[in-house]
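Coordinates from entry-v7.cif are shown below (mmCIF, N, CA and C atoms).
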```cif
data_work
#
loop_
_atom_site.label_atom_id
_atom_site.label_comp_id
_atom_site.auth_asym_id
_atom_site.auth_seq_id
_atom_site.Cartn_x
_atom_site.Cartn_y
_atom_site.Cartn_z
N MET A 1 117.90 75.55 -69.09
CA MET A 1 117.78 76.62 -68.10
C MET A 1 117.97 76.02 -66.73
N GLU A 2 118.52 76.81 -65.80
CA GLU A 2 118.79 76.30 -64.46
C GLU A 2 117.51 76.21 -63.63
N THR A 3 117.55 75.32 -62.67
CA THR A 3 116.42 75.16 -61.76
C THR A 3 116.35 76.41 -60.88
N THR A 4 115.15 76.91 -60.69
CA THR A 4 114.98 78.11 -59.88
C THR A 4 115.08 77.77 -58.40
N ASN A 5 115.98 78.45 -57.74
CA ASN A 5 116.16 78.30 -56.31
C ASN A 5 116.19 79.72 -55.76
N ALA A 6 115.01 80.25 -55.43
CA ALA A 6 114.87 81.66 -55.08
C ALA A 6 115.77 82.11 -53.92
N PRO A 7 115.81 81.39 -52.79
CA PRO A 7 116.69 81.85 -51.70
C PRO A 7 118.16 81.89 -52.11
N ARG A 8 118.60 80.87 -52.82
CA ARG A 8 120.00 80.83 -53.27
C ARG A 8 120.28 81.98 -54.22
N ASN A 9 119.38 82.24 -55.16
CA ASN A 9 119.57 83.32 -56.11
C ASN A 9 119.62 84.67 -55.42
N ARG A 10 118.76 84.86 -54.40
CA ARG A 10 118.78 86.12 -53.64
C ARG A 10 120.12 86.29 -52.93
N ASP A 11 120.62 85.21 -52.33
CA ASP A 11 121.91 85.26 -51.65
C ASP A 11 123.04 85.57 -52.62
N LEU A 12 123.00 84.94 -53.79
CA LEU A 12 124.02 85.20 -54.80
C LEU A 12 123.99 86.64 -55.28
N LEU A 13 122.80 87.15 -55.51
CA LEU A 13 122.66 88.53 -55.97
C LEU A 13 123.16 89.50 -54.90
N ALA A 14 122.83 89.25 -53.66
CA ALA A 14 123.29 90.11 -52.56
C ALA A 14 124.81 90.08 -52.46
N ALA A 15 125.40 88.88 -52.59
CA ALA A 15 126.86 88.75 -52.53
C ALA A 15 127.50 89.47 -53.71
N ALA A 16 126.92 89.33 -54.88
CA ALA A 16 127.46 90.00 -56.07
C ALA A 16 127.41 91.52 -55.90
N LYS A 17 126.34 92.03 -55.32
CA LYS A 17 126.24 93.47 -55.09
C LYS A 17 127.35 93.95 -54.15
N ARG A 18 127.58 93.19 -53.07
CA ARG A 18 128.62 93.58 -52.12
C ARG A 18 130.00 93.55 -52.77
N ILE A 19 130.25 92.53 -53.57
CA ILE A 19 131.55 92.42 -54.24
C ILE A 19 131.71 93.54 -55.27
N ALA A 20 130.65 93.84 -56.02
CA ALA A 20 130.72 94.92 -57.01
C ALA A 20 131.07 96.25 -56.33
N VAL A 21 130.43 96.53 -55.20
CA VAL A 21 130.69 97.77 -54.47
C VAL A 21 132.13 97.78 -53.95
N ALA A 22 132.61 96.64 -53.46
CA ALA A 22 133.98 96.54 -52.97
C ALA A 22 134.98 96.80 -54.11
N LEU A 23 134.61 96.47 -55.32
CA LEU A 23 135.47 96.70 -56.48
C LEU A 23 135.34 98.12 -57.02
N GLY A 24 134.40 98.89 -56.46
CA GLY A 24 134.21 100.27 -56.91
C GLY A 24 133.16 100.42 -57.98
N TYR A 25 132.32 99.42 -58.18
CA TYR A 25 131.26 99.46 -59.18
C TYR A 25 129.91 99.41 -58.48
N THR A 26 128.87 99.72 -59.23
CA THR A 26 127.52 99.58 -58.69
C THR A 26 127.01 98.17 -58.99
N ALA A 27 126.01 97.77 -58.24
CA ALA A 27 125.39 96.48 -58.50
C ALA A 27 124.79 96.44 -59.90
N ALA A 28 124.26 97.58 -60.35
CA ALA A 28 123.67 97.65 -61.69
C ALA A 28 124.71 97.38 -62.77
N GLU A 29 125.93 97.89 -62.57
CA GLU A 29 126.98 97.66 -63.57
C GLU A 29 127.34 96.18 -63.64
N ALA A 30 127.41 95.52 -62.49
CA ALA A 30 127.71 94.09 -62.48
C ALA A 30 126.59 93.30 -63.13
N THR A 31 125.36 93.66 -62.83
CA THR A 31 124.21 92.97 -63.41
C THR A 31 124.15 93.18 -64.92
N GLU A 32 124.40 94.40 -65.35
CA GLU A 32 124.38 94.71 -66.78
C GLU A 32 125.43 93.89 -67.53
N LEU A 33 126.61 93.77 -66.97
CA LEU A 33 127.65 92.98 -67.61
C LEU A 33 127.27 91.50 -67.62
N ALA A 34 126.66 91.01 -66.55
CA ALA A 34 126.22 89.60 -66.51
C ALA A 34 125.20 89.33 -67.60
N VAL A 35 124.30 90.28 -67.82
CA VAL A 35 123.28 90.13 -68.88
C VAL A 35 123.97 90.12 -70.25
N GLU A 36 124.94 91.00 -70.45
CA GLU A 36 125.68 91.03 -71.72
C GLU A 36 126.41 89.70 -71.95
N LEU A 37 127.03 89.19 -70.89
CA LEU A 37 127.72 87.91 -71.01
C LEU A 37 126.74 86.79 -71.35
N GLY A 38 125.53 86.86 -70.81
CA GLY A 38 124.50 85.87 -71.10
C GLY A 38 124.07 85.89 -72.56
N LYS A 39 124.07 87.06 -73.15
CA LYS A 39 123.70 87.20 -74.56
C LYS A 39 124.83 86.75 -75.48
N ASP A 40 126.04 86.77 -74.98
CA ASP A 40 127.23 86.50 -75.79
C ASP A 40 127.59 85.01 -75.77
N GLY A 41 126.65 84.17 -76.16
CA GLY A 41 126.92 82.75 -76.29
C GLY A 41 126.92 81.98 -74.97
N ARG A 42 126.43 82.60 -73.93
CA ARG A 42 126.41 81.92 -72.62
C ARG A 42 124.99 81.82 -72.07
N ARG A 43 124.05 81.68 -72.94
CA ARG A 43 122.64 81.63 -72.50
C ARG A 43 122.34 80.46 -71.57
N ASP A 44 123.09 79.39 -71.70
CA ASP A 44 122.82 78.21 -70.87
C ASP A 44 123.60 78.23 -69.55
N TRP A 45 124.38 79.27 -69.30
CA TRP A 45 125.15 79.34 -68.06
C TRP A 45 124.24 79.66 -66.87
N PRO A 46 124.52 79.07 -65.72
CA PRO A 46 123.75 79.44 -64.52
C PRO A 46 124.00 80.90 -64.14
N THR A 47 123.04 81.51 -63.49
CA THR A 47 123.14 82.91 -63.08
C THR A 47 124.39 83.15 -62.24
N ALA A 48 124.67 82.23 -61.33
CA ALA A 48 125.84 82.39 -60.46
C ALA A 48 127.13 82.45 -61.29
N ASP A 49 127.24 81.63 -62.31
CA ASP A 49 128.43 81.64 -63.16
C ASP A 49 128.55 82.95 -63.92
N LEU A 50 127.42 83.46 -64.41
CA LEU A 50 127.44 84.73 -65.12
C LEU A 50 127.86 85.88 -64.19
N LEU A 51 127.33 85.87 -62.97
CA LEU A 51 127.70 86.92 -62.02
C LEU A 51 129.18 86.86 -61.65
N LEU A 52 129.68 85.66 -61.39
CA LEU A 52 131.10 85.51 -61.07
C LEU A 52 131.98 85.96 -62.22
N THR A 53 131.61 85.59 -63.42
CA THR A 53 132.39 86.00 -64.59
C THR A 53 132.34 87.51 -64.76
N ALA A 54 131.18 88.10 -64.55
CA ALA A 54 131.04 89.56 -64.66
C ALA A 54 131.90 90.26 -63.61
N LEU A 55 131.89 89.76 -62.38
CA LEU A 55 132.70 90.38 -61.33
C LEU A 55 134.19 90.24 -61.62
N ALA A 56 134.60 89.09 -62.12
CA ALA A 56 136.00 88.89 -62.48
C ALA A 56 136.40 89.86 -63.59
N GLU A 57 135.53 90.07 -64.55
CA GLU A 57 135.81 91.00 -65.65
C GLU A 57 135.91 92.43 -65.13
N LEU A 58 135.02 92.81 -64.22
CA LEU A 58 135.08 94.16 -63.65
C LEU A 58 136.38 94.37 -62.87
N ALA A 59 136.80 93.36 -62.14
CA ALA A 59 138.04 93.47 -61.37
C ALA A 59 139.25 93.60 -62.31
N ARG A 60 139.20 92.91 -63.43
CA ARG A 60 140.31 92.94 -64.38
C ARG A 60 140.35 94.26 -65.16
N ARG A 61 139.20 94.81 -65.47
CA ARG A 61 139.11 95.99 -66.35
C ARG A 61 139.86 97.20 -65.82
N ASP A 62 139.59 97.59 -64.62
CA ASP A 62 140.14 98.85 -64.12
C ASP A 62 140.43 98.74 -62.63
N PRO A 63 141.58 98.15 -62.27
CA PRO A 63 141.89 97.99 -60.86
C PRO A 63 142.01 99.32 -60.13
N GLY A 64 142.35 100.40 -60.82
CA GLY A 64 142.47 101.70 -60.19
C GLY A 64 141.15 102.32 -59.81
N ARG A 65 140.07 101.75 -60.29
CA ARG A 65 138.75 102.30 -60.00
C ARG A 65 138.33 102.03 -58.56
N ARG A 66 138.90 101.02 -57.98
CA ARG A 66 138.55 100.70 -56.59
C ARG A 66 138.84 101.90 -55.71
N ASP A 67 138.14 101.98 -54.62
CA ASP A 67 138.30 103.08 -53.67
C ASP A 67 139.71 103.04 -53.10
N PRO A 68 140.57 104.01 -53.47
CA PRO A 68 141.94 103.97 -52.98
C PRO A 68 142.03 104.12 -51.47
N GLY A 69 141.04 104.76 -50.87
CA GLY A 69 141.05 104.92 -49.42
C GLY A 69 140.97 103.61 -48.67
N ARG A 70 140.30 102.64 -49.24
CA ARG A 70 140.16 101.35 -48.55
C ARG A 70 141.47 100.59 -48.48
N ARG A 71 142.22 100.56 -49.57
CA ARG A 71 143.44 99.78 -49.54
C ARG A 71 144.58 100.55 -48.90
N ASP A 72 144.38 101.84 -48.67
CA ASP A 72 145.42 102.64 -48.05
C ASP A 72 145.14 102.91 -46.58
N LEU A 73 144.32 102.06 -45.97
CA LEU A 73 144.08 102.15 -44.54
C LEU A 73 145.01 101.20 -43.82
N VAL A 74 145.48 101.61 -42.65
CA VAL A 74 146.35 100.76 -41.86
C VAL A 74 145.84 100.69 -40.43
N GLY A 75 146.04 99.53 -39.82
CA GLY A 75 145.74 99.35 -38.41
C GLY A 75 146.98 99.65 -37.59
N ALA A 76 146.91 99.35 -36.31
CA ALA A 76 148.02 99.65 -35.41
C ALA A 76 149.28 98.87 -35.76
N VAL A 77 149.14 97.62 -36.18
CA VAL A 77 150.32 96.82 -36.53
C VAL A 77 151.03 97.43 -37.73
N GLU A 78 150.27 97.73 -38.80
CA GLU A 78 150.87 98.30 -40.00
C GLU A 78 151.44 99.69 -39.72
N ALA A 79 150.72 100.49 -38.92
CA ALA A 79 151.23 101.82 -38.55
C ALA A 79 152.54 101.68 -37.79
N GLY A 80 152.61 100.68 -36.91
CA GLY A 80 153.84 100.42 -36.16
C GLY A 80 154.99 100.05 -37.08
N GLU A 81 154.70 99.28 -38.11
CA GLU A 81 155.75 98.91 -39.07
C GLU A 81 156.28 100.15 -39.79
N ILE A 82 155.39 101.06 -40.15
CA ILE A 82 155.79 102.30 -40.82
C ILE A 82 156.63 103.16 -39.88
N LEU A 83 156.21 103.24 -38.62
CA LEU A 83 156.88 104.11 -37.65
C LEU A 83 158.08 103.45 -36.97
N GLY A 84 158.20 102.14 -37.12
CA GLY A 84 159.29 101.42 -36.47
C GLY A 84 159.08 101.23 -34.98
N VAL A 85 157.81 101.09 -34.58
CA VAL A 85 157.47 100.90 -33.17
C VAL A 85 156.48 99.74 -33.05
N SER A 86 156.18 99.37 -31.82
CA SER A 86 155.23 98.29 -31.59
C SER A 86 153.79 98.79 -31.72
N ARG A 87 152.90 97.84 -31.80
CA ARG A 87 151.46 98.15 -31.85
C ARG A 87 151.05 98.93 -30.60
N THR A 88 151.59 98.51 -29.47
CA THR A 88 151.28 99.18 -28.20
C THR A 88 151.73 100.64 -28.23
N ARG A 89 152.92 100.87 -28.78
CA ARG A 89 153.43 102.23 -28.86
C ARG A 89 152.58 103.08 -29.80
N VAL A 90 152.04 102.48 -30.85
CA VAL A 90 151.14 103.22 -31.75
C VAL A 90 149.94 103.72 -30.97
N HIS A 91 149.38 102.87 -30.11
CA HIS A 91 148.22 103.29 -29.31
C HIS A 91 148.61 104.41 -28.35
N GLN A 92 149.82 104.38 -27.83
CA GLN A 92 150.29 105.47 -26.96
C GLN A 92 150.45 106.75 -27.78
N LEU A 93 151.05 106.63 -28.95
CA LEU A 93 151.23 107.80 -29.80
C LEU A 93 149.90 108.39 -30.24
N ALA A 94 148.90 107.55 -30.39
CA ALA A 94 147.58 108.00 -30.83
C ALA A 94 146.94 108.95 -29.83
N GLU A 95 147.44 108.97 -28.60
CA GLU A 95 146.92 109.89 -27.58
C GLU A 95 147.49 111.30 -27.75
N ARG A 96 148.55 111.43 -28.53
CA ARG A 96 149.17 112.74 -28.74
C ARG A 96 148.26 113.61 -29.61
N PRO A 97 148.23 114.90 -29.35
CA PRO A 97 147.38 115.78 -30.17
C PRO A 97 147.85 115.92 -31.61
N ASP A 98 149.15 115.66 -31.87
CA ASP A 98 149.65 115.81 -33.24
C ASP A 98 149.60 114.51 -34.03
N PHE A 99 149.10 113.44 -33.42
CA PHE A 99 148.98 112.17 -34.13
C PHE A 99 147.72 112.23 -34.99
N PRO A 100 147.74 111.64 -36.18
CA PRO A 100 146.57 111.70 -37.07
C PRO A 100 145.32 111.09 -36.43
N GLU A 101 144.20 111.66 -36.76
CA GLU A 101 142.92 111.11 -36.33
C GLU A 101 142.63 109.84 -37.15
N PRO A 102 142.09 108.82 -36.52
CA PRO A 102 141.76 107.63 -37.30
C PRO A 102 140.62 107.94 -38.28
N ARG A 103 140.65 107.29 -39.43
CA ARG A 103 139.57 107.45 -40.40
C ARG A 103 138.34 106.68 -39.97
N TYR A 104 138.59 105.52 -39.32
CA TYR A 104 137.50 104.68 -38.84
C TYR A 104 137.88 104.13 -37.47
N VAL A 105 136.88 103.99 -36.61
CA VAL A 105 137.08 103.34 -35.33
C VAL A 105 136.11 102.15 -35.31
N LEU A 106 136.68 100.96 -35.34
CA LEU A 106 135.91 99.73 -35.38
C LEU A 106 136.05 98.99 -34.06
N ALA A 107 135.24 97.99 -33.86
CA ALA A 107 135.38 97.16 -32.67
C ALA A 107 136.75 96.49 -32.64
N ALA A 108 137.30 96.20 -33.81
CA ALA A 108 138.61 95.55 -33.91
C ALA A 108 139.76 96.54 -33.72
N GLY A 109 139.49 97.82 -33.73
CA GLY A 109 140.54 98.81 -33.54
C GLY A 109 140.38 100.00 -34.48
N LYS A 110 141.36 100.87 -34.43
CA LYS A 110 141.34 102.08 -35.25
C LYS A 110 142.04 101.84 -36.57
N LEU A 111 141.57 102.56 -37.60
CA LEU A 111 142.19 102.51 -38.92
C LEU A 111 142.58 103.93 -39.32
N TRP A 112 143.84 104.08 -39.72
CA TRP A 112 144.37 105.37 -40.14
C TRP A 112 144.68 105.32 -41.63
N ALA A 113 144.71 106.48 -42.26
CA ALA A 113 145.15 106.57 -43.64
C ALA A 113 146.67 106.39 -43.64
N ARG A 114 147.15 105.53 -44.52
CA ARG A 114 148.59 105.27 -44.63
C ARG A 114 149.36 106.59 -44.84
N ALA A 115 148.84 107.46 -45.70
CA ALA A 115 149.50 108.72 -45.99
C ALA A 115 149.62 109.58 -44.73
N ASP A 116 148.62 109.56 -43.87
CA ASP A 116 148.66 110.34 -42.62
C ASP A 116 149.75 109.82 -41.69
N ILE A 117 149.90 108.50 -41.63
CA ILE A 117 150.92 107.90 -40.76
C ILE A 117 152.32 108.21 -41.32
N VAL A 118 152.47 108.12 -42.64
CA VAL A 118 153.76 108.44 -43.26
C VAL A 118 154.11 109.91 -43.02
N ALA A 119 153.13 110.80 -43.13
CA ALA A 119 153.37 112.23 -42.89
C ALA A 119 153.75 112.47 -41.43
N PHE A 120 153.08 111.78 -40.51
CA PHE A 120 153.43 111.91 -39.09
C PHE A 120 154.86 111.45 -38.86
N ASP A 121 155.23 110.34 -39.47
CA ASP A 121 156.58 109.80 -39.31
C ASP A 121 157.62 110.83 -39.78
N ALA A 122 157.33 111.55 -40.86
CA ALA A 122 158.27 112.53 -41.39
C ALA A 122 158.46 113.71 -40.45
N ARG A 123 157.43 114.09 -39.73
CA ARG A 123 157.53 115.26 -38.85
C ARG A 123 157.74 114.91 -37.38
N TRP A 124 157.72 113.63 -37.06
CA TRP A 124 157.83 113.19 -35.67
C TRP A 124 159.26 113.39 -35.16
N ASP A 125 159.39 114.17 -34.11
CA ASP A 125 160.69 114.42 -33.48
C ASP A 125 160.92 113.31 -32.46
N ARG A 126 161.46 112.24 -32.95
CA ARG A 126 161.64 111.06 -32.11
C ARG A 126 162.94 111.18 -31.35
N ARG A 127 162.87 110.84 -30.08
CA ARG A 127 164.06 110.86 -29.22
C ARG A 127 164.27 109.46 -28.68
N PRO A 128 165.48 108.93 -28.80
CA PRO A 128 165.72 107.56 -28.33
C PRO A 128 165.64 107.46 -26.81
N GLY A 129 165.30 106.27 -26.35
CA GLY A 129 165.24 106.00 -24.91
C GLY A 129 163.92 106.43 -24.31
N ARG A 130 163.80 106.16 -23.05
CA ARG A 130 162.58 106.53 -22.32
C ARG A 130 162.67 107.98 -21.88
N PRO A 131 161.56 108.69 -21.91
CA PRO A 131 161.59 110.05 -21.40
C PRO A 131 161.75 110.02 -19.88
N PRO A 132 162.37 111.04 -19.29
CA PRO A 132 162.50 111.05 -17.83
C PRO A 132 161.13 111.18 -17.17
N LYS A 133 161.00 110.51 -16.04
CA LYS A 133 159.74 110.61 -15.29
C LYS A 133 159.68 111.98 -14.64
N PRO A 134 158.52 112.58 -14.59
CA PRO A 134 158.38 113.91 -13.99
C PRO A 134 158.84 113.91 -12.53
N GLY A 135 159.65 114.90 -12.16
CA GLY A 135 160.08 115.04 -10.77
C GLY A 135 161.18 114.09 -10.35
N ARG A 136 161.75 113.37 -11.29
CA ARG A 136 162.79 112.40 -10.96
C ARG A 136 164.06 112.75 -11.71
N GLY A 137 164.85 113.61 -11.15
CA GLY A 137 166.11 113.97 -11.78
C GLY A 137 167.29 113.35 -11.06
N SER A 138 167.04 112.53 -10.05
CA SER A 138 168.11 111.96 -9.23
C SER A 138 168.85 110.87 -9.96
N THR A 139 170.14 110.78 -9.68
CA THR A 139 170.94 109.69 -10.22
C THR A 139 170.99 108.58 -9.19
N ILE A 140 171.48 107.43 -9.58
CA ILE A 140 171.57 106.29 -8.67
C ILE A 140 172.51 106.59 -7.51
N ARG A 141 173.55 107.35 -7.75
CA ARG A 141 174.51 107.67 -6.68
C ARG A 141 173.88 108.57 -5.63
N GLU A 142 172.96 109.40 -6.04
CA GLU A 142 172.30 110.28 -5.08
C GLU A 142 171.31 109.52 -4.22
N VAL A 143 170.79 108.42 -4.73
CA VAL A 143 169.76 107.65 -4.02
C VAL A 143 170.38 106.66 -3.07
N LEU A 144 171.50 106.01 -3.44
CA LEU A 144 172.12 104.99 -2.62
C LEU A 144 172.96 105.61 -1.50
N PRO A 145 172.98 104.95 -0.32
CA PRO A 145 173.81 105.47 0.78
C PRO A 145 175.29 105.36 0.43
N ASP A 146 176.15 106.09 1.17
CA ASP A 146 177.60 106.08 0.94
C ASP A 146 178.16 104.69 0.93
N GLY A 147 179.09 104.46 0.04
CA GLY A 147 179.73 103.16 -0.05
C GLY A 147 179.04 102.19 -0.97
N HIS A 148 177.86 102.51 -1.48
CA HIS A 148 177.14 101.64 -2.40
C HIS A 148 177.05 102.31 -3.76
N GLY A 149 177.11 101.52 -4.77
CA GLY A 149 176.91 102.04 -6.14
C GLY A 149 178.16 102.63 -6.74
N GLY A 150 179.30 102.38 -6.17
CA GLY A 150 180.54 102.78 -6.49
C GLY A 150 181.23 103.12 -7.61
#
```

How does this structure look as structure tokens?
Amino acid sequence: METTNAPRNRDLLAAAKRIAVALGYTAAEATELAVELGKDGRRDWPTADLLLTALAELARRDPGRRDPGRRDLVGAVEAGEILGVSRTRVHQLAERPDFPEPRYVLAAGKLWARADIVAFDARWDRRPGRPPKPGRGSTIREVLPDGHGG
């Protein structure tokens, strides 16, 4: 049997719970599988090894069970790649009323659903070039004095 190290075991259990949830399972499901693995000829395995093996098995069993919303989130860089614009332009577009609302706003930035960005791209009436500045319809010839700009 392994030497009892209570703080380490608590840390391992907490980490296993977080990983199980990230995989779309409950901590109880991961623990239950670890106990089953322990009964199945692995009684002498350390708890950490049983938990890691259980988590690996859960990840292998049903990859579709994971929360699809998590892997389908995009930041400004990924949204820019979808839209064919820079990260900076994504932030400018995000000010538009027809741009999708972010699913999460973190200190590191906003996260949008990939599907929302793809849908925006499909309906976005993009016009090449810079839009004219308000109140500036003058051409260069109108601005320069006679004899210049020829």

Taking the file as shown, find all residues satisfying the PyMOL selection byres ((chain A and resi 70-82) around 6) and write them as a ChimeraX atom specification. /A:67-69,83-87,90,110-115

What does the PyMOL selection byres (((chain A and resi 35-48 and name CA) around 9) and name CA) select in this file, as a ChimeraX atom specification? /A:1-3,9,12-13,16,30-34,49-54

Can you list every residue in region 14-111 of chain A that DSSP puts in helix (DSSP H, G or I), as an MDAnalysis selection string? chainID A and resid 14:22 27:39 47:61 63:65 68:71 76:83 87:93

One decimal, Å: what's the distance from CA of Leu58 (chain A) over to atom N of Asp11 (chain A), could you say? 20.4 Å

So what do you get for CA of Gly109 (chain A) versus CA of Ala22 (chain A), distance-wise?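 These atoms are spaced 20.6 Å apart.
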
Taking the backbone alone, and naming residues the way the document does, which bits of region 30-141 of chain A are strand (DSSP E) by DSSP, as number ranges by chain? A: 73-74, 104-106, 109-113

To one decimal place in Å, what is the distance between atom N of Ala14 (chain A) and CA of Arg61 (chain A)? 21.7 Å
